[in-house]
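> If it helps, the file is called start-v4.txt and holds compact mmCIF, C-alpha atoms:
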# COMPACT_ATOMS: atom_id res chain seq x y z
CA MET I 9 -46.55 -13.72 18.25
CA ALA I 10 -44.93 -14.83 21.53
CA LEU I 11 -41.73 -13.12 22.54
CA LEU I 12 -38.61 -15.26 22.43
CA LYS I 13 -37.24 -16.30 25.84
CA TRP I 14 -33.53 -16.06 26.67
CA ARG I 15 -31.56 -17.62 29.51
CA GLU I 16 -29.11 -15.24 31.13
CA LEU I 17 -25.98 -16.96 32.43
CA SER I 18 -24.01 -14.93 34.96
CA ILE I 19 -20.46 -15.80 36.05
CA THR I 20 -18.08 -13.78 38.23
CA THR I 21 -14.43 -14.42 37.40
CA CYS I 22 -11.02 -12.80 37.74
CA GLN I 23 -10.07 -10.24 35.09
CA ALA I 24 -7.32 -12.48 33.70
CA ASN I 25 -9.92 -15.10 32.70
CA MET I 26 -12.38 -12.66 31.14
CA ASP I 27 -11.41 -12.98 27.46
CA ALA I 28 -11.04 -16.76 27.60
CA LEU I 29 -14.45 -17.04 29.25
CA ALA I 30 -15.94 -14.80 26.58
CA GLU I 31 -14.53 -17.16 23.95
CA ILE I 32 -16.17 -20.11 25.72
CA PHE I 33 -19.53 -18.31 25.77
CA GLU I 34 -19.29 -17.67 22.04
CA THR I 35 -18.26 -21.30 21.41
CA VAL I 36 -21.40 -22.65 23.10
CA GLY I 37 -23.64 -20.41 21.01
CA ALA I 38 -24.33 -17.31 23.11
CA VAL I 39 -25.74 -14.56 20.91
CA GLY I 40 -25.22 -11.67 23.27
CA MET I 41 -22.86 -10.85 26.11
CA VAL I 42 -22.38 -8.15 28.75
CA VAL I 43 -19.18 -7.52 30.73
CA GLU I 44 -19.62 -5.73 34.04
CA ASP I 45 -16.14 -4.46 34.92
CA PRO I 46 -16.31 -2.06 37.89
CA GLN I 47 -12.76 -0.77 37.36
CA LEU I 48 -13.36 -0.02 33.66
CA ILE I 49 -16.63 1.77 34.41
CA ALA I 50 -14.97 3.78 37.18
CA ASP I 51 -12.15 4.77 34.79
CA TYR I 52 -14.61 5.88 32.10
CA ILE I 53 -16.47 8.02 34.64
CA ALA I 54 -13.25 9.47 36.13
CA ASN I 55 -11.80 10.32 32.70
CA ASN I 56 -15.05 11.86 31.44
CA SER I 57 -15.05 9.37 28.56
CA TRP I 58 -18.86 9.46 28.56
CA ASP I 59 -20.71 12.69 27.90
CA HIS I 60 -23.27 11.60 30.48
CA HIS I 61 -24.06 8.40 32.30
CA ASP I 62 -26.52 6.78 34.64
CA VAL I 63 -24.46 3.65 35.22
CA GLU I 64 -24.05 2.23 38.69
CA ILE I 65 -20.70 0.55 39.38
CA PRO I 66 -21.41 -3.21 39.69
CA ASP I 67 -21.11 -4.84 43.09
CA VAL I 68 -18.20 -7.11 42.11
CA PRO I 69 -15.14 -7.90 44.29
CA PRO I 70 -11.87 -6.05 43.45
CA GLY I 71 -9.98 -7.61 40.55
CA MET I 72 -13.10 -9.47 39.37
CA VAL I 73 -15.59 -8.97 36.56
CA ARG I 74 -19.09 -10.31 35.97
CA LEU I 75 -19.87 -11.78 32.57
CA LYS I 76 -23.44 -12.30 31.42
CA ALA I 77 -24.23 -14.31 28.31
CA TYR I 78 -27.55 -15.07 26.68
CA LEU I 79 -28.74 -18.34 25.17
CA PRO I 80 -32.07 -18.85 23.40
CA VAL I 81 -34.36 -21.17 25.35
CA ASP I 82 -34.98 -23.72 22.61
CA SER I 83 -34.46 -27.43 21.91
CA ARG I 84 -30.65 -27.01 22.12
CA ILE I 85 -30.46 -25.21 25.47
CA ASP I 86 -29.61 -28.34 27.52
CA ASP I 87 -26.84 -29.38 25.11
CA ARG I 88 -25.35 -25.88 25.18
CA LEU I 89 -25.37 -25.75 28.98
CA ALA I 90 -23.72 -29.18 29.15
CA LEU I 91 -21.02 -28.03 26.73
CA LEU I 92 -20.46 -24.91 28.83
CA GLN I 93 -19.90 -27.04 31.93
CA GLU I 94 -17.47 -29.27 30.00
CA GLU I 95 -15.49 -26.26 28.79
CA LEU I 96 -15.30 -24.76 32.28
CA ILE I 97 -14.19 -28.05 33.84
CA ALA I 98 -11.53 -28.46 31.14
CA ARG I 99 -10.12 -24.99 31.92
CA GLU I 100 -10.23 -25.71 35.63
CA ASN I 101 -8.24 -28.92 35.07
CA THR I 102 -5.72 -27.65 32.50
CA GLU I 103 -5.22 -24.02 33.52
CA GLY I 104 -5.97 -24.12 37.22
CA TRP I 105 -9.08 -21.97 37.07
CA ALA I 106 -11.07 -21.78 40.27
CA GLY I 107 -14.52 -23.34 40.05
CA HIS I 108 -17.12 -21.01 38.56
CA ARG I 109 -20.64 -20.76 39.95
CA ILE I 110 -23.23 -19.99 37.28
CA THR I 111 -26.48 -18.24 38.09
CA PHE I 112 -29.44 -18.36 35.71
CA ASN I 113 -32.25 -15.98 34.92
CA ASP I 114 -34.87 -16.33 32.17
CA LEU I 115 -35.79 -13.15 30.30
CA LEU I 116 -38.07 -12.16 27.48
CA GLU I 117 -36.24 -10.59 24.53
CA GLU I 118 -37.61 -7.12 25.23
CA ASP I 119 -36.34 -7.23 28.83
CA TRP I 120 -32.84 -8.27 27.74
CA ALA I 121 -32.68 -5.74 24.93
CA ASN I 122 -33.19 -2.85 27.36
CA ALA I 123 -31.18 -4.18 30.33
CA TRP I 124 -27.66 -3.76 28.92
CA LYS I 125 -27.97 -0.47 27.03
CA ALA I 126 -26.67 1.66 29.91
CA PHE I 127 -23.23 0.08 29.41
CA PHE I 128 -22.95 0.94 25.69
CA LYS I 129 -21.73 4.51 25.02
CA PRO I 130 -20.21 6.33 22.00
CA GLU I 131 -16.53 5.51 21.59
CA LYS I 132 -13.83 6.31 19.04
CA VAL I 133 -12.31 2.91 18.28
CA GLY I 134 -9.99 3.74 15.38
CA GLN I 135 -8.25 6.74 13.84
CA ARG I 136 -11.56 7.87 12.33
CA ILE I 137 -14.24 5.30 13.16
CA VAL I 138 -16.61 6.14 16.02
CA ILE I 139 -19.14 3.59 17.28
CA CYS I 140 -22.32 5.24 18.52
CA PRO I 141 -25.38 3.43 19.92
CA SER I 142 -28.45 4.31 17.89
CA TRP I 143 -30.16 5.73 20.99
CA GLU I 144 -27.26 8.07 21.94
CA ASN I 145 -26.34 11.53 20.59
CA TYR I 146 -22.77 12.17 19.49
CA LYS I 147 -21.25 15.43 18.24
CA ALA I 148 -18.93 14.32 15.44
CA PHE I 149 -15.64 15.99 14.57
CA PRO I 150 -14.99 16.76 10.87
CA ASP I 151 -12.86 13.64 10.24
CA ASP I 152 -15.04 11.23 12.19
CA LEU I 153 -16.77 8.36 10.44
CA VAL I 154 -19.67 7.52 12.74
CA ILE I 155 -21.31 4.10 12.80
CA SER I 156 -24.73 4.15 14.42
CA ILE I 157 -25.48 0.69 15.72
CA ASP I 158 -28.05 -1.33 17.63
CA PRO I 159 -26.63 -4.84 18.19
CA GLY I 160 -29.94 -6.31 19.32
CA MET I 161 -29.30 -9.98 20.10
CA ALA I 162 -26.29 -10.23 17.76
CA PHE I 163 -22.64 -10.15 18.75
CA GLY I 164 -20.90 -6.90 17.91
CA THR I 165 -21.26 -3.56 19.70
CA GLY I 166 -18.02 -2.55 17.99
CA ASN I 167 -15.97 -1.81 21.10
CA HIS I 168 -14.83 -5.36 21.88
CA PRO I 169 -11.02 -5.69 21.40
CA THR I 170 -11.42 -8.18 18.54
CA THR I 171 -13.65 -5.75 16.62
CA VAL I 172 -11.45 -2.76 17.42
CA MET I 173 -8.41 -4.55 15.98
CA CYS I 174 -10.35 -5.36 12.79
CA ILE I 175 -11.48 -1.76 12.39
CA ARG I 176 -7.94 -0.44 12.82
CA ALA I 177 -6.66 -2.97 10.30
CA LEU I 178 -9.40 -1.95 7.86
CA GLU I 179 -8.30 1.67 8.24
CA ASP I 180 -4.73 0.65 7.33
CA TYR I 181 -5.29 -1.94 4.59
CA LEU I 182 -8.54 -1.04 2.81
CA TYR I 183 -8.20 1.17 -0.27
CA GLU I 184 -10.83 3.30 -1.97
CA GLY I 185 -12.86 1.14 -4.33
CA ASP I 186 -11.89 -2.21 -2.80
CA THR I 187 -14.38 -5.07 -2.72
CA VAL I 188 -14.78 -6.69 0.71
CA ILE I 189 -16.22 -9.88 2.20
CA ASP I 190 -17.06 -9.93 5.93
CA VAL I 191 -17.51 -13.45 7.34
CA GLY I 192 -19.42 -13.81 10.62
CA THR I 193 -20.75 -10.27 10.40
CA GLY I 194 -22.78 -10.36 13.63
CA SER I 195 -24.29 -6.89 14.02
CA GLY I 196 -22.76 -5.77 10.70
CA VAL I 197 -20.35 -3.28 12.27
CA LEU I 198 -17.32 -4.33 10.17
CA ALA I 199 -19.33 -4.31 6.94
CA ILE I 200 -20.50 -0.77 7.72
CA ALA I 201 -16.95 0.30 8.63
CA ALA I 202 -15.62 -1.05 5.32
CA ALA I 203 -18.33 0.83 3.41
CA LEU I 204 -17.59 4.09 5.25
CA LEU I 205 -13.86 3.66 4.56
CA GLY I 206 -14.46 3.60 0.81
CA ALA I 207 -15.20 0.02 -0.23
CA SER I 208 -17.16 -0.14 -3.47
CA SER I 209 -18.93 -3.36 -2.47
CA VAL I 210 -19.25 -5.31 0.78
CA LYS I 211 -20.74 -8.80 1.04
CA ALA I 212 -21.47 -9.81 4.64
CA PHE I 213 -22.20 -13.41 5.66
CA ASP I 214 -23.44 -15.09 8.84
CA ASN I 215 -25.09 -18.40 9.65
CA ASP I 216 -27.32 -16.96 12.40
CA PRO I 217 -30.73 -15.70 11.20
CA ILE I 218 -30.89 -13.27 14.13
CA ALA I 219 -27.55 -11.74 13.14
CA ILE I 220 -28.67 -11.51 9.51
CA ASN I 221 -31.71 -9.44 10.45
CA VAL I 222 -29.77 -7.23 12.88
CA ALA I 223 -26.97 -6.59 10.36
CA ARG I 224 -29.44 -5.63 7.64
CA GLU I 225 -31.19 -3.21 9.99
CA ASN I 226 -27.89 -1.59 11.00
CA ILE I 227 -26.73 -1.28 7.39
CA GLU I 228 -30.00 0.49 6.55
CA LEU I 229 -29.68 2.64 9.67
CA ASN I 230 -26.33 3.89 8.32
CA ASN I 231 -27.63 4.30 4.75
CA MET I 232 -25.08 1.81 3.42
CA GLU I 233 -27.48 -0.67 1.78
CA TYR I 234 -26.33 0.47 -1.68
CA ILE I 235 -22.80 -0.77 -0.82
CA ALA I 236 -23.23 -3.54 1.77
CA THR I 237 -25.49 -6.59 1.51
CA VAL I 238 -26.04 -9.44 3.98
CA GLN I 239 -26.93 -13.07 3.37
CA GLU I 240 -27.03 -16.29 5.32
CA ASN I 241 -24.11 -18.58 4.48
CA ASP I 242 -21.82 -21.18 6.04
CA LEU I 243 -18.53 -19.27 6.06
CA LEU I 244 -17.34 -19.04 2.41
CA GLN I 245 -19.04 -22.19 1.18
CA GLY I 246 -20.07 -21.74 -2.47
CA ILE I 247 -18.83 -18.14 -2.70
CA GLU I 248 -17.41 -17.29 -6.12
CA GLU I 249 -16.60 -13.59 -5.60
CA LYS I 250 -12.91 -12.66 -5.61
CA PRO I 251 -12.64 -9.78 -3.09
CA ASP I 252 -9.73 -7.43 -2.55
CA LEU I 253 -10.05 -7.89 1.20
CA LEU I 254 -11.51 -10.60 3.42
CA VAL I 255 -12.24 -9.96 7.10
CA ALA I 256 -13.38 -12.52 9.68
CA ASN I 257 -13.87 -11.72 13.35
CA ILE I 258 -14.78 -15.16 14.68
CA VAL I 259 -12.77 -17.69 16.74
CA ALA I 260 -9.56 -19.64 16.13
CA ASP I 261 -11.15 -23.00 15.30
CA VAL I 262 -13.49 -21.47 12.72
CA ILE I 263 -10.72 -19.41 11.14
CA ILE I 264 -8.62 -22.56 10.73
CA ARG I 265 -11.59 -24.42 9.25
CA MET I 266 -12.21 -21.58 6.80
CA LEU I 267 -8.63 -21.29 5.51
CA PRO I 268 -9.00 -23.62 2.48
CA GLN I 269 -12.01 -21.54 1.38
CA ALA I 270 -10.14 -18.27 2.01
CA ALA I 271 -7.23 -19.50 -0.12
CA GLN I 272 -9.70 -20.20 -2.93
CA VAL I 273 -11.52 -16.87 -2.96
CA LEU I 274 -8.50 -14.61 -2.44
CA GLN I 275 -6.22 -14.01 -5.39
CA SER I 276 -2.50 -13.26 -5.22
CA GLY I 277 -1.69 -10.14 -3.24
CA LYS I 278 -5.11 -9.78 -1.60
CA VAL I 279 -5.55 -9.23 2.13
CA PHE I 280 -7.07 -11.44 4.86
CA ILE I 281 -7.77 -9.90 8.29
CA ALA I 282 -8.54 -12.54 10.92
CA SER I 283 -9.51 -11.68 14.50
CA GLY I 284 -11.20 -13.24 17.51
CA ILE I 285 -8.08 -15.28 18.31
CA ILE I 286 -7.22 -15.86 21.95
CA GLN I 287 -3.47 -15.33 22.52
CA HIS I 288 -2.63 -18.93 23.39
CA ARG I 289 -4.00 -20.03 19.99
CA LEU I 290 -2.13 -17.39 17.97
CA ASP I 291 0.89 -19.51 16.99
CA GLU I 292 -1.40 -22.34 15.87
CA VAL I 293 -3.46 -20.02 13.65
CA VAL I 294 -0.34 -18.38 12.19
CA GLU I 295 1.08 -21.80 11.32
CA ASN I 296 -2.13 -22.79 9.56
CA ILE I 297 -2.37 -19.49 7.69
CA THR I 298 1.14 -19.81 6.30
CA THR I 299 0.53 -23.46 5.39
CA HIS I 300 -2.42 -22.35 3.23
CA GLY I 301 -0.39 -19.91 1.17
CA PHE I 302 -0.59 -16.63 3.09
CA THR I 303 2.24 -14.37 4.23
CA VAL I 304 1.71 -12.73 7.62
CA GLU I 305 2.12 -8.96 7.33
CA GLU I 306 1.15 -7.86 10.83
CA LEU I 307 0.22 -9.33 14.21
CA ILE I 308 -1.98 -7.12 16.37
CA SER I 309 -2.53 -7.70 20.09
CA HIS I 310 -5.07 -6.28 22.51
CA GLY I 311 -4.95 -7.85 25.95
CA GLU I 312 -5.73 -11.56 25.68
CA TRP I 313 -6.86 -11.21 22.06
CA ALA I 314 -4.95 -11.15 18.77
CA ALA I 315 -5.58 -10.42 15.11
CA ILE I 316 -3.59 -11.40 12.03
CA VAL I 317 -3.22 -9.42 8.81
CA SER I 318 -1.97 -11.67 6.02
CA ARG I 319 -1.65 -11.51 2.26
CA ARG I 320 -2.27 -14.23 -0.31
CA GLU I 321 1.02 -15.31 -1.87
Go ahead and render the structure in this file as structure tokens.

Amino acid sequence: MALLKWRELSITTCQANMDALAEIFETVGAVGMVVEDPQLIADYIANNSWDHHDVEIPDVPPGMVRLKAYLPVDSRIDDRLALLQEELIARENTEGWAGHRITFNDLLEEDWANAWKAFFKPEKVGQRIVICPSWENYKAFPDDLVISIDPGMAFGTGNHPTTVMCIRALEDYLYEGDTVIDVGTGSGVLAIAAALLGASSVKAFDNDPIAINVARENIELNNMEYIATVQENDLLQGIEEKPDLLVANIVADVIIRMLPQAAQVLQSGKVFIASGIIQHRLDEVVENITTHGFTVEELISHGEWAAIVSRRE
């Protein structure tokens, strides 16, 4: 069987635009992304945050980062690239962004899968949760809950700010024996985290077949298949389960679109954790959440990103 081909899109931008550009990449359908931040890598090396490393600091101008996103080369590639250009031009016109030059490189899946692994190292992202790449060794402390993960071509290494906020909220709001639904599971990291934190059942949904396969593999890798299951679904369409906790790490527009469904599946007093929200959309999402019968319990911020913890009235 022929290997799938991917188009690597590379853009160098200022650090202030990084999160918004990442949101644009996800909007146009990128199923993998790498951030090359020379200052962050230098800090990790200087602070001995990595047990060992063979990472070269990227050749990027001071104050800049390089973002690489990956699109499948299929019948929709031209439409996705056109949408990307539209989104960039809109930001340039409305927010004064400088013009962004995009470079392209076509890769086979195997080449891509190995190219970015040097940048993914074990990291403690919550009070107890540690994200560890499946190919790395990590010496766990007694209280650590270690998630071994291989994101493949799916979003979700576990150390992106939107995922970190979800994990910390799960640590605070998930109780032993809770039932959980994870919408837009990506690599399955949040489903695994919920299972490790004591959920009795986790149902994970995604509409991307690649993500479905990756999430299932990661759940099996962590021996959580007896708690967590994955299936293809359009958000919460047709879901009849009534979970104790709903978590969705997606984007603002999709969260807003999902709210009527969330209000249906969550009973009074149950918790909804929503992340993947760029800061300038936060007020809009909060307004929509309250309109649909939720009370906001906590707003969490991490740089340009925000998460909302709310409870069904």
> Kindly give the distance, in Å, that separates CA of Gln245 (chain I) and CA of Thr303 (chain I), rounded to a single decimal.
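Rounded to one decimal, the two atoms are 22.9 Å apart.
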> Tell me, as a PyMOL selection string, which residues lie within 7 Å of Val304 (chain I), counting only C-alpha atoms; anything in the same chain fewer than 2 positions away does not count.
chain I and resi 302+306+317-319
> Could the residues in this selection be saved with C-alpha atoms as a CSV table (one decimal), in the coordinates of the input?

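Printed below is out_3.csv as written:
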chain,number,residue,atom,x,y,z
I,302,PHE,CA,-0.6,-16.6,3.1
I,306,GLU,CA,1.2,-7.9,10.8
I,317,VAL,CA,-3.2,-9.4,8.8
I,318,SER,CA,-2.0,-11.7,6.0
I,319,ARG,CA,-1.6,-11.5,2.3
> With distances taken over all atoms listed in the file, which residue among I:Val259, I:Leu153, I:Ile139, I:Ile218 lies nearest Val36 (chain I)?
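Closest candidate: I:Val259.
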> Neighbouring residues of Glu228 (chain I) were defined as those with any atom within 12 Å, considering all atoms listed in the file; residues of the same chain fewer than 3 positions away were excluded. Please report them as a VMD selection string.
chain I and resid 155 to 158 195 to 197 199 to 200 221 to 225 231 to 238
> Would you mind listing what lies within 6 Å of Leu254 (chain I) as a PyMOL selection string, with all atoms listed in the file counted and same-chain residues fewer than 4 positions away left out?
chain I and resi 188-189+280
> Tell me which protein, DNA and RNA residues are within 8 Å of Val293 (chain I), counting all atoms listed in the file, leaving out same-chain ones fewer than 3 positions away, and put them as a PDB file with C-alpha atoms, in the frame of the given file.

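In the end it all went to out.pdb:
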ATOM      1  CA  ALA I 260      -9.560 -19.640  16.130  1.00  0.00           C
ATOM      2  CA  ILE I 263     -10.720 -19.410  11.140  1.00  0.00           C
ATOM      3  CA  ILE I 264      -8.620 -22.560  10.730  1.00  0.00           C
ATOM      4  CA  ARG I 289      -4.000 -20.030  19.990  1.00  0.00           C
ATOM      5  CA  LEU I 290      -2.130 -17.390  17.970  1.00  0.00           C
ATOM      6  CA  ASN I 296      -2.130 -22.790   9.560  1.00  0.00           C
ATOM      7  CA  ILE I 297      -2.370 -19.490   7.690  1.00  0.00           C
TER       8      ILE I 297
END
> Go through region 93-201 of chain I residue by residue and, counting all atoms listed in the file, keep those with an atom at most 10 Å from region 84-89 of chain I; for each kept residue give the shortest atom pair and its distance in Å to one decimal, ordered by chain and increasing number, as a Markdown table.

| residue | atom | partner | partner_atom | distance |
| --- | --- | --- | --- | --- |
| I:Gln93 | CA | I:Leu89 | CA | 6.3 |
| I:Glu94 | CA | I:Leu89 | CA | 8.7 |
| I:Glu95 | CA | I:Leu89 | CA | 9.9 |
> CA of Ala38 (chain I) and CA of Gly284 (chain I) are how many Å apart?
14.8 Å
> Report the distance between CA of Ala24 (chain I) and CA of Ala315 (chain I) in Å, rounded to one decimal place.
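A separation of 18.8 Å between them.
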> Using only C-alpha atoms, can you tell me which of I:Ile286, I:Leu96, I:Glu305, I:Pro251 comes closest to Glu31 (chain I)?
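The shortest atom-to-atom distance to Glu31 (chain I) comes from I:Ile286.
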> Smallest atom-to-atom distance to Leu182 (chain I): which of I:Asp242, I:Asp252, I:Glu144, I:Asp114, using only C-alpha atoms?
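Distance minimum relative to Leu182 (chain I) lands on I:Asp252.
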> Do you know which residues are at most 10 Å from Asn145 (chain I) counting only C-alpha atoms, after dropping those on the same chain fewer than 4 positions away, and could you put them as a PyMOL selection string?
chain I and resi 59+129-130+140-141+156
> Which of these, I:Asn215, I:Ser209, I:Asn113, I:Ser18, has the shortest distance to Gly192 (chain I) once you count all atoms listed in the file?
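Distance minimum relative to Gly192 (chain I) lands on I:Asn215.
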> Which residue, I:Ala106, I:Ala203, I:Leu274, I:Val138, has the smallest gap to Tyr183 (chain I) when you use all atoms listed in the file?
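Looking only at the distances to Tyr183 (chain I), the closest residue turns out to be I:Ala203.
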